[in-house]
Amino acid sequence: MSVLITGGAGFIGSHTAVEFLNAGYDIVIVDNFCNSKPVVLDRIKAITGKNFKFYQLDLLDARALENVFEENKDIDSCIHFAGLKAVGESVFKPIEYYHNNLTGTLTLCQTMKKYGVKTMVFSSSATVYGVPESVPIKEDAKIGEATNPYGETKVMIERILRDIYKSDNEWNISVLRYFNPIGAHKSGLIGEDPKGIPNNLLPYVTQVASGKLPYLHVYGDDYDTHDGTGVRDYIHVVDLAQAHLKALESIKQRGGIDVFNIGTGTGYSVLDIVKAYEKATGKKINYKIEGRRPGDIGACFADPSKAAEILGWSAKYGILEMCRDADNWQKKNPDGYGE
Ligand code: NAD
Ligand code: UD1
């Protein structure tokens with residue numbers, strides 16, 4: 001049996017592909033490279049020493065997708081990563097974001113249904129909680145008003161998947177709400193490759209560490225947190241990748257639809273991250289405190305106990321390993337995957 005991985009050339013998808021191949025699964029990756037590069041596929045093969053099928057296609061292209069199911073009758077489940085994810089960009093390009101993320105998911109579900117494949121693990125996000133009423137956040141916390149189209153697509157897709165399950169209980173769906181994935185594979189062969197100047201904290205810090213950027217802008221030191229800077233639940237991307245293995249195995253056995261927070265349960269502030277990065281790498285991170293970034297929240301971290309109880313999954317890597325592996329990736333690939 002094979003697992004279809006949509007968006008498998010991306011940051012989280014590539015690390016998940018490695019974990020599935022290492023666990024002995026056959027996989028089929030589809031990706032249109034709108035936010036990734038073909039060389040990633042060679043890197044996955046180099047790390048695992050294993051081969052897999054790949055199709056360059058857009059999820060919006062139903063015929064191309066059908067062809068994948070036609071040619072791979074052994075596909076029995078899907079891990080669905082493909083989507084656009086830049087929060088800021090989504091505010092300026094709502095049509096593209098809703099179309100890509102929603103229509104892409106609907107086309108995928110339609111095709112899966114047509115071929116009798118009804119098992120899916122979906123990449124959701126802690127962003128669905130909006131401004132959390134309290135932390136740590138449990139899965140039954142209120143789903144907030146997402147402050148941007150990207151977040152709305154996650155709220156809407158979760159709703160669509162619930163309705164699909166309601167209409168047909170043969171579906172098995174596991175919704176994973178990721179907190180803040182960072183780090184990279186230990187080999188330094190795959191990692192996060194943001195376009196242009198990074199928006200997220202860790203990729204920015206790695207570029208300050210390497211001298212590419214002069215200093216970190218710390219967005220706000222007046223939040224209600226232990227040092228005033230924003231607190232998040234950073235999780236090593238390899239831990240996150242392994243959560244998909246557990247989620248797939250579990251949902252196949254248990255059936256139904258379920259939602260899991262995938263975080264460590266520990267919140268670190270921006271200044272904690274600066275200190276951890278310096279400790280892990282011996283490199284100095286210069287920073288300046290500035291005003292808050294619009295749309296940011298003070299503290300957001302998970303209660304991951306449901307994933308521990310039901311999936312038997314919990315994060316293994318600590319913050320120093322996350323920083324060290326991110327730094328190793330940056331050092332070995334100063335320009336990411338290059339042109
Ligand atoms: P990514 O951009 O690195 O990977 C997504 C991949 O999907 C890319 O390779 C891209 O080319 C592909 N893709 C996008 N639209 C496609 C389409 N229509 N057809 C085919 N391929 C398409 O992003 P990532 O960080 O690996 O995130 C993976 C998933 O996890 C996304 O759904 C994202 O929203 C979600 N997520 C990410 C984070 C994060 O911080 N990285 C946090 C929460 C949730
Ligand atoms: C961002 C997204 C969110 C997504 C999450 C995980 C926004 C508004 N939200 O959230 O939807 O689910 O990533 O991918 O983009 N920071 C700095 N300086 C920087 C960058 C960040 O101080 O240059 C601070 C932020 O203010 C925040 C923390 O670092 O307190 C983490 O920021 P970031 O990595 O962007 O993640 P989120 O804000 O959690």
# chains A, B, ... in the order shown; residues from 1 in each chain; ligands from 1
>>> closest_atom_pairs(of="chain A", to="ligand 2", cutoff="6 Å", atoms="only C-alpha atoms and all ligand atoms", output="tab-separated table")
residue	atom	partner	partner_atom_place_in_ligand_line	distance
A:Val87	CA	ligand 2	15 (O)	5.1
A:Ser125	CA	ligand 2	12 (O)	5.4
A:Ala126	CA	ligand 2	12 (O)	5.8
A:Thr127	CA	ligand 2	12 (O)	4.7
A:Asn180	CA	ligand 2	6 (C)	4.6
A:Asn199	CA	ligand 2	20 (C)	5.5
A:Asn200	CA	ligand 2	34 (O)	3.4
A:Leu201	CA	ligand 2	20 (C)	3.7
A:Tyr204	CA	ligand 2	23 (O)	5.7
A:Leu216	CA	ligand 2	23 (O)	5.9
A:His217	CA	ligand 2	18 (N)	4.9
A:Val218	CA	ligand 2	22 (O)	3.5
A:Tyr219	CA	ligand 2	22 (O)	4.0
A:Gly230	CA	ligand 2	30 (O)	3.5
A:Val231	CA	ligand 2	30 (O)	5.7
A:Arg232	CA	ligand 2	39 (O)	5.9
A:Val270	CA	ligand 2	29 (O)	5.3
A:Arg293	CA	ligand 2	26 (O)	5.9
A:Gly295	CA	ligand 2	8 (C)	5.5
A:Asp296	CA	ligand 2	8 (C)	5.4
>>> write_last_selection(atoms="all heavy atoms", output="compact mmCIF listing (two decimals), in the first residue's frame")
# COMPACT_ATOMS: atom_id res chain seq x y z
N VAL A 87 1.07 34.18 5.69
CA VAL A 87 -0.02 34.93 6.31
C VAL A 87 -0.17 36.33 5.70
O VAL A 87 -1.25 36.73 5.28
CB VAL A 87 0.26 35.06 7.82
CG1 VAL A 87 -0.76 35.97 8.49
CG2 VAL A 87 0.25 33.68 8.47
N SER A 125 -3.52 24.22 11.70
CA SER A 125 -2.58 25.12 12.36
C SER A 125 -3.19 25.66 13.65
O SER A 125 -4.41 25.81 13.76
CB SER A 125 -2.30 26.29 11.41
OG SER A 125 -1.67 27.34 12.10
N ALA A 126 -2.31 25.99 14.60
CA ALA A 126 -2.76 26.64 15.83
C ALA A 126 -3.42 27.98 15.53
O ALA A 126 -4.11 28.54 16.39
CB ALA A 126 -1.56 26.85 16.75
N THR A 127 -3.24 28.47 14.32
CA THR A 127 -3.84 29.74 13.94
C THR A 127 -5.38 29.67 14.03
O THR A 127 -6.03 30.69 14.20
CB THR A 127 -3.36 30.15 12.52
OG1 THR A 127 -3.66 31.52 12.31
CG2 THR A 127 -4.00 29.33 11.42
N ASN A 180 4.53 25.83 16.23
CA ASN A 180 5.51 26.52 15.38
C ASN A 180 6.65 25.60 14.96
O ASN A 180 7.63 25.45 15.71
CB ASN A 180 6.06 27.74 16.11
CG ASN A 180 5.01 28.83 16.26
OD1 ASN A 180 3.95 28.61 16.82
ND2 ASN A 180 5.29 30.00 15.73
N ASN A 199 9.75 35.88 7.30
CA ASN A 199 8.76 36.50 8.20
C ASN A 199 8.78 35.84 9.56
O ASN A 199 8.49 36.47 10.57
CB ASN A 199 7.34 36.32 7.63
CG ASN A 199 7.14 37.16 6.39
OD1 ASN A 199 7.46 38.34 6.38
ND2 ASN A 199 6.64 36.53 5.33
N ASN A 200 9.09 34.55 9.58
CA ASN A 200 9.02 33.80 10.83
C ASN A 200 10.32 33.93 11.61
O ASN A 200 11.39 34.19 11.05
CB ASN A 200 8.68 32.33 10.56
CG ASN A 200 7.29 32.18 9.97
OD1 ASN A 200 7.13 31.75 8.84
ND2 ASN A 200 6.27 32.55 10.71
N LEU A 201 10.20 33.73 12.92
CA LEU A 201 11.33 34.04 13.81
C LEU A 201 12.60 33.22 13.51
O LEU A 201 13.67 33.80 13.34
CB LEU A 201 10.89 33.82 15.27
CG LEU A 201 11.96 34.09 16.31
CD1 LEU A 201 12.39 35.56 16.28
CD2 LEU A 201 11.46 33.72 17.71
N TYR A 204 14.63 33.88 10.43
CA TYR A 204 15.25 35.21 10.55
C TYR A 204 16.50 35.12 11.43
O TYR A 204 17.57 35.62 11.08
CB TYR A 204 14.25 36.22 11.13
CG TYR A 204 14.58 37.65 10.74
CD1 TYR A 204 13.88 38.30 9.74
CD2 TYR A 204 15.63 38.33 11.36
CE1 TYR A 204 14.20 39.60 9.36
CE2 TYR A 204 15.97 39.62 10.98
CZ TYR A 204 15.25 40.25 9.99
OH TYR A 204 15.59 41.53 9.61
N LEU A 216 18.14 41.10 14.60
CA LEU A 216 16.74 40.66 14.70
C LEU A 216 15.89 41.82 15.20
O LEU A 216 16.27 42.51 16.15
CB LEU A 216 16.66 39.48 15.68
CG LEU A 216 15.25 39.03 16.08
CD1 LEU A 216 14.53 38.34 14.91
CD2 LEU A 216 15.31 38.07 17.28
N HIS A 217 14.74 42.03 14.56
CA HIS A 217 13.75 42.99 15.08
C HIS A 217 12.87 42.21 16.04
O HIS A 217 12.18 41.29 15.61
CB HIS A 217 12.86 43.54 13.95
CG HIS A 217 13.64 44.10 12.80
ND1 HIS A 217 13.75 45.45 12.57
CD2 HIS A 217 14.33 43.48 11.80
CE1 HIS A 217 14.49 45.64 11.48
NE2 HIS A 217 14.86 44.46 11.00
N VAL A 218 12.91 42.55 17.30
CA VAL A 218 12.03 41.87 18.26
C VAL A 218 10.73 42.66 18.33
O VAL A 218 10.72 43.83 18.74
CB VAL A 218 12.70 41.78 19.66
CG1 VAL A 218 11.73 41.17 20.67
CG2 VAL A 218 13.98 40.96 19.59
N TYR A 219 9.65 41.99 17.90
CA TYR A 219 8.37 42.72 17.78
C TYR A 219 7.61 42.78 19.09
O TYR A 219 6.72 41.98 19.34
CB TYR A 219 7.51 42.05 16.71
CG TYR A 219 8.10 42.09 15.32
CD1 TYR A 219 8.06 40.96 14.49
CD2 TYR A 219 8.71 43.24 14.82
CE1 TYR A 219 8.59 40.98 13.21
CE2 TYR A 219 9.26 43.27 13.55
CZ TYR A 219 9.20 42.14 12.76
OH TYR A 219 9.73 42.16 11.49
N GLY A 230 6.88 37.91 22.77
CA GLY A 230 5.87 36.91 22.41
C GLY A 230 6.33 35.48 22.71
O GLY A 230 7.49 35.13 22.48
N VAL A 231 5.41 34.69 23.23
CA VAL A 231 5.72 33.30 23.60
C VAL A 231 5.03 32.33 22.63
O VAL A 231 3.85 32.47 22.33
CB VAL A 231 5.28 33.02 25.05
CG1 VAL A 231 5.26 31.52 25.35
CG2 VAL A 231 6.21 33.73 26.03
N ARG A 232 5.80 31.33 22.13
CA ARG A 232 5.25 30.35 21.19
C ARG A 232 5.74 28.96 21.56
O ARG A 232 6.73 28.80 22.28
CB ARG A 232 5.74 30.65 19.75
CG ARG A 232 5.27 31.96 19.19
CD ARG A 232 3.77 31.97 18.89
NE ARG A 232 3.37 33.22 18.26
CZ ARG A 232 3.07 34.34 18.90
NH1 ARG A 232 3.15 34.38 20.22
NH2 ARG A 232 2.71 35.42 18.23
N VAL A 270 10.58 35.25 22.60
CA VAL A 270 11.55 35.61 21.55
C VAL A 270 12.95 35.71 22.18
O VAL A 270 13.93 35.18 21.61
CB VAL A 270 11.16 36.94 20.87
CG1 VAL A 270 12.20 37.34 19.83
CG2 VAL A 270 9.78 36.84 20.23
N ARG A 293 4.14 43.58 16.14
CA ARG A 293 3.77 43.32 14.73
C ARG A 293 2.24 43.20 14.67
O ARG A 293 1.66 42.46 15.48
CB ARG A 293 4.43 42.00 14.30
CG ARG A 293 4.15 41.60 12.88
CD ARG A 293 5.00 40.40 12.46
NE ARG A 293 4.65 39.16 13.16
CZ ARG A 293 5.19 37.97 12.88
NH1 ARG A 293 6.12 37.86 11.95
NH2 ARG A 293 4.82 36.89 13.55
N GLY A 295 -1.40 42.09 14.27
CA GLY A 295 -1.99 40.75 14.17
C GLY A 295 -1.36 39.73 15.10
O GLY A 295 -1.86 38.62 15.22
N ASP A 296 -0.23 40.09 15.78
CA ASP A 296 0.42 39.13 16.67
C ASP A 296 -0.32 38.99 17.99
O ASP A 296 -1.03 39.89 18.42
CB ASP A 296 1.86 39.61 16.98
CG ASP A 296 2.88 38.96 16.08
OD1 ASP A 296 2.49 38.16 15.22
OD2 ASP A 296 4.08 39.28 16.24
>>> residues_near_ligand(ligand="ligand 1", cutoff="9 Å", atoms="only C-alpha atoms and all ligand atoms", output="number ranges by chain")
A: 6-15, 30-37, 56-61, 80-86, 99-101, 103-105, 122-127, 150-151, 153-154, 176-182, 192-194, 200, 237
>>> atom_distance(atom1="CA of Val238 (chain A)", atom2="CA of Lys186 (chain A)")
8.9 Å
>>> atom_distance(atom1="CA of Val40 (chain A)", atom2="CA of Asn333 (chain A)")
12.3 Å
>>> closest_residue(among="A:Lys306, A:Glu96, A:Val175, A:Ala299", to="Asp224 (chain A)", atoms="only C-alpha atoms")
A:Ala299
>>> decode(residues="region 245-281 of chain A", atoms="N, CA, C and O atoms", output="PDB file, in the first residue's frame")
ATOM      1  N   LEU A 245       3.117   9.993  11.113  1.00  0.00           N
ATOM      2  CA  LEU A 245       3.155   8.516  11.097  1.00  0.00           C
ATOM      3  C   LEU A 245       2.191   7.952  12.126  1.00  0.00           C
ATOM      4  O   LEU A 245       1.377   7.083  11.831  1.00  0.00           O
ATOM      5  N   LYS A 246       2.305   8.494  13.339  1.00  0.00           N
ATOM      6  CA  LYS A 246       1.447   8.019  14.433  1.00  0.00           C
ATOM      7  C   LYS A 246      -0.012   8.307  14.122  1.00  0.00           C
ATOM      8  O   LYS A 246      -0.892   7.485  14.385  1.00  0.00           O
ATOM      9  N   ALA A 247      -0.268   9.500  13.569  1.00  0.00           N
ATOM     10  CA  ALA A 247      -1.659   9.893  13.291  1.00  0.00           C
ATOM     11  C   ALA A 247      -2.257   8.964  12.244  1.00  0.00           C
ATOM     12  O   ALA A 247      -3.405   8.533  12.370  1.00  0.00           O
ATOM     13  N   LEU A 248      -1.482   8.650  11.214  1.00  0.00           N
ATOM     14  CA  LEU A 248      -2.017   7.791  10.149  1.00  0.00           C
ATOM     15  C   LEU A 248      -2.287   6.384  10.680  1.00  0.00           C
ATOM     16  O   LEU A 248      -3.364   5.809  10.451  1.00  0.00           O
ATOM     17  N   GLU A 249      -1.310   5.856  11.423  1.00  0.00           N
ATOM     18  CA  GLU A 249      -1.491   4.491  11.944  1.00  0.00           C
ATOM     19  C   GLU A 249      -2.701   4.437  12.865  1.00  0.00           C
ATOM     20  O   GLU A 249      -3.522   3.515  12.809  1.00  0.00           O
ATOM     21  N   SER A 250      -2.841   5.468  13.698  1.00  0.00           N
ATOM     22  CA  SER A 250      -3.935   5.489  14.668  1.00  0.00           C
ATOM     23  C   SER A 250      -5.300   5.640  13.986  1.00  0.00           C
ATOM     24  O   SER A 250      -6.251   4.923  14.313  1.00  0.00           O
ATOM     25  N   ILE A 251      -5.409   6.530  13.016  1.00  0.00           N
ATOM     26  CA  ILE A 251      -6.723   6.778  12.405  1.00  0.00           C
ATOM     27  C   ILE A 251      -7.157   5.574  11.563  1.00  0.00           C
ATOM     28  O   ILE A 251      -8.353   5.290  11.454  1.00  0.00           O
ATOM     29  N   LYS A 252      -6.186   4.864  11.026  1.00  0.00           N
ATOM     30  CA  LYS A 252      -6.541   3.660  10.259  1.00  0.00           C
ATOM     31  C   LYS A 252      -7.174   2.622  11.182  1.00  0.00           C
ATOM     32  O   LYS A 252      -8.080   1.904  10.798  1.00  0.00           O
ATOM     33  N   GLN A 253      -6.653   2.538  12.405  1.00  0.00           N
ATOM     34  CA  GLN A 253      -7.181   1.557  13.360  1.00  0.00           C
ATOM     35  C   GLN A 253      -8.492   1.991  13.974  1.00  0.00           C
ATOM     36  O   GLN A 253      -9.421   1.218  14.109  1.00  0.00           O
ATOM     37  N   ARG A 254      -8.538   3.282  14.368  1.00  0.00           N
ATOM     38  CA  ARG A 254      -9.690   3.733  15.157  1.00  0.00           C
ATOM     39  C   ARG A 254     -10.843   4.211  14.308  1.00  0.00           C
ATOM     40  O   ARG A 254     -11.993   4.194  14.727  1.00  0.00           O
ATOM     41  N   GLY A 255     -10.527   4.745  13.101  1.00  0.00           N
ATOM     42  CA  GLY A 255     -11.560   5.328  12.249  1.00  0.00           C
ATOM     43  C   GLY A 255     -12.079   6.628  12.841  1.00  0.00           C
ATOM     44  O   GLY A 255     -11.608   7.105  13.869  1.00  0.00           O
ATOM     45  N   GLY A 256     -13.030   7.254  12.145  1.00  0.00           N
ATOM     46  CA  GLY A 256     -13.641   8.485  12.639  1.00  0.00           C
ATOM     47  C   GLY A 256     -12.874   9.720  12.225  1.00  0.00           C
ATOM     48  O   GLY A 256     -12.025   9.687  11.325  1.00  0.00           O
ATOM     49  N   ILE A 257     -13.179  10.826  12.899  1.00  0.00           N
ATOM     50  CA  ILE A 257     -12.450  12.074  12.636  1.00  0.00           C
ATOM     51  C   ILE A 257     -11.969  12.597  13.974  1.00  0.00           C
ATOM     52  O   ILE A 257     -12.706  12.549  14.961  1.00  0.00           O
ATOM     53  N   ASP A 258     -10.714  13.037  14.028  1.00  0.00           N
ATOM     54  CA  ASP A 258     -10.198  13.534  15.305  1.00  0.00           C
ATOM     55  C   ASP A 258      -9.206  14.671  15.068  1.00  0.00           C
ATOM     56  O   ASP A 258      -8.635  14.791  13.989  1.00  0.00           O
ATOM     57  N   VAL A 259      -9.042  15.491  16.104  1.00  0.00           N
ATOM     58  CA  VAL A 259      -8.190  16.678  16.007  1.00  0.00           C
ATOM     59  C   VAL A 259      -7.126  16.621  17.098  1.00  0.00           C
ATOM     60  O   VAL A 259      -7.442  16.292  18.249  1.00  0.00           O
ATOM     61  N   PHE A 260      -5.867  16.917  16.736  1.00  0.00           N
ATOM     62  CA  PHE A 260      -4.786  16.880  17.725  1.00  0.00           C
ATOM     63  C   PHE A 260      -3.907  18.129  17.653  1.00  0.00           C
ATOM     64  O   PHE A 260      -3.523  18.549  16.556  1.00  0.00           O
ATOM     65  N   ASN A 261      -3.575  18.652  18.823  1.00  0.00           N
ATOM     66  CA  ASN A 261      -2.539  19.683  18.900  1.00  0.00           C
ATOM     67  C   ASN A 261      -1.189  19.007  18.762  1.00  0.00           C
ATOM     68  O   ASN A 261      -0.911  18.008  19.451  1.00  0.00           O
ATOM     69  N   ILE A 262      -0.335  19.546  17.898  1.00  0.00           N
ATOM     70  CA  ILE A 262       1.018  19.003  17.782  1.00  0.00           C
ATOM     71  C   ILE A 262       2.011  20.110  18.170  1.00  0.00           C
ATOM     72  O   ILE A 262       2.372  20.972  17.377  1.00  0.00           O
ATOM     73  N   GLY A 263       2.366  20.067  19.437  1.00  0.00           N
ATOM     74  CA  GLY A 263       3.341  21.020  19.987  1.00  0.00           C
ATOM     75  C   GLY A 263       4.083  20.315  21.109  1.00  0.00           C
ATOM     76  O   GLY A 263       3.827  19.145  21.390  1.00  0.00           O
ATOM     77  N   THR A 264       5.003  21.051  21.751  1.00  0.00           N
ATOM     78  CA  THR A 264       5.744  20.427  22.855  1.00  0.00           C
ATOM     79  C   THR A 264       5.051  20.664  24.192  1.00  0.00           C
ATOM     80  O   THR A 264       5.322  19.967  25.160  1.00  0.00           O
ATOM     81  N   GLY A 265       4.230  21.718  24.240  1.00  0.00           N
ATOM     82  CA  GLY A 265       3.591  22.096  25.501  1.00  0.00           C
ATOM     83  C   GLY A 265       4.407  23.124  26.272  1.00  0.00           C
ATOM     84  O   GLY A 265       3.983  23.592  27.323  1.00  0.00           O
ATOM     85  N   THR A 266       5.577  23.477  25.760  1.00  0.00           N
ATOM     86  CA  THR A 266       6.412  24.481  26.429  1.00  0.00           C
ATOM     87  C   THR A 266       6.457  25.756  25.595  1.00  0.00           C
ATOM     88  O   THR A 266       6.691  25.680  24.383  1.00  0.00           O
ATOM     89  N   GLY A 267       6.250  26.879  26.249  1.00  0.00           N
ATOM     90  CA  GLY A 267       6.314  28.157  25.534  1.00  0.00           C
ATOM     91  C   GLY A 267       7.659  28.832  25.740  1.00  0.00           C
ATOM     92  O   GLY A 267       8.168  28.885  26.867  1.00  0.00           O
ATOM     93  N   TYR A 268       8.249  29.315  24.657  1.00  0.00           N
ATOM     94  CA  TYR A 268       9.492  30.086  24.743  1.00  0.00           C
ATOM     95  C   TYR A 268       9.253  31.482  24.182  1.00  0.00           C
ATOM     96  O   TYR A 268       8.576  31.631  23.144  1.00  0.00           O
ATOM     97  N   SER A 269       9.829  32.490  24.849  1.00  0.00           N
ATOM     98  CA  SER A 269       9.687  33.866  24.363  1.00  0.00           C
ATOM     99  C   SER A 269      10.718  34.116  23.264  1.00  0.00           C
ATOM    100  O   SER A 269      11.647  33.314  23.065  1.00  0.00           O
ATOM    101  N   VAL A 270      10.582  35.246  22.598  1.00  0.00           N
ATOM    102  CA  VAL A 270      11.551  35.606  21.554  1.00  0.00           C
ATOM    103  C   VAL A 270      12.953  35.705  22.177  1.00  0.00           C
ATOM    104  O   VAL A 270      13.926  35.183  21.610  1.00  0.00           O
ATOM    105  N   LEU A 271      13.045  36.310  23.349  1.00  0.00           N
ATOM    106  CA  LEU A 271      14.374  36.439  23.965  1.00  0.00           C
ATOM    107  C   LEU A 271      14.906  35.090  24.466  1.00  0.00           C
ATOM    108  O   LEU A 271      16.120  34.855  24.441  1.00  0.00           O
ATOM    109  N   ASP A 272      14.003  34.195  24.880  1.00  0.00           N
ATOM    110  CA  ASP A 272      14.447  32.816  25.226  1.00  0.00           C
ATOM    111  C   ASP A 272      15.085  32.165  24.004  1.00  0.00           C
ATOM    112  O   ASP A 272      16.080  31.437  24.116  1.00  0.00           O
ATOM    113  N   ILE A 273      14.482  32.404  22.847  1.00  0.00           N
ATOM    114  CA  ILE A 273      14.990  31.787  21.609  1.00  0.00           C
ATOM    115  C   ILE A 273      16.368  32.371  21.265  1.00  0.00           C
ATOM    116  O   ILE A 273      17.289  31.636  20.890  1.00  0.00           O
ATOM    117  N   VAL A 274      16.496  33.680  21.423  1.00  0.00           N
ATOM    118  CA  VAL A 274      17.803  34.309  21.156  1.00  0.00           C
ATOM    119  C   VAL A 274      18.866  33.661  22.037  1.00  0.00           C
ATOM    120  O   VAL A 274      19.932  33.245  21.560  1.00  0.00           O
ATOM    121  N   LYS A 275      18.545  33.512  23.327  1.00  0.00           N
ATOM    122  CA  LYS A 275      19.531  32.932  24.266  1.00  0.00           C
ATOM    123  C   LYS A 275      19.814  31.467  23.914  1.00  0.00           C
ATOM    124  O   LYS A 275      20.954  31.018  23.937  1.00  0.00           O
ATOM    125  N   ALA A 276      18.758  30.719  23.600  1.00  0.00           N
ATOM    126  CA  ALA A 276      18.944  29.292  23.281  1.00  0.00           C
ATOM    127  C   ALA A 276      19.805  29.146  22.025  1.00  0.00           C
ATOM    128  O   ALA A 276      20.686  28.285  21.960  1.00  0.00           O
ATOM    129  N   TYR A 277      19.554  29.994  21.037  1.00  0.00           N
ATOM    130  CA  TYR A 277      20.318  29.908  19.786  1.00  0.00           C
ATOM    131  C   TYR A 277      21.801  30.196  20.060  1.00  0.00           C
ATOM    132  O   TYR A 277      22.684  29.509  19.536  1.00  0.00           O
ATOM    133  N   GLU A 278      22.028  31.218  20.885  1.00  0.00           N
ATOM    134  CA  GLU A 278      23.423  31.566  21.211  1.00  0.00           C
ATOM    135  C   GLU A 278      24.096  30.408  21.941  1.00  0.00           C
ATOM    136  O   GLU A 278      25.233  30.045  21.660  1.00  0.00           O
ATOM    137  N   LYS A 279      23.351  29.788  22.873  1.00  0.00           N
ATOM    138  CA  LYS A 279      23.914  28.677  23.643  1.00  0.00           C
ATOM    139  C   LYS A 279      24.184  27.467  22.731  1.00  0.00           C
ATOM    140  O   LYS A 279      25.231  26.826  22.829  1.00  0.00           O
ATOM    141  N   ALA A 280      23.240  27.187  21.847  1.00  0.00           N
ATOM    142  CA  ALA A 280      23.366  25.987  21.003  1.00  0.00           C
ATOM    143  C   ALA A 280      24.480  26.121  19.978  1.00  0.00           C
ATOM    144  O   ALA A 280      25.084  25.135  19.576  1.00  0.00           O
ATOM    145  N   THR A 281      24.762  27.350  19.539  1.00  0.00           N
ATOM    146  CA  THR A 281      25.667  27.515  18.395  1.00  0.00           C
ATOM    147  C   THR A 281      26.924  28.315  18.728  1.00  0.00           C
ATOM    148  O   THR A 281      27.850  28.365  17.916  1.00  0.00           O
TER     149      THR A 281
END
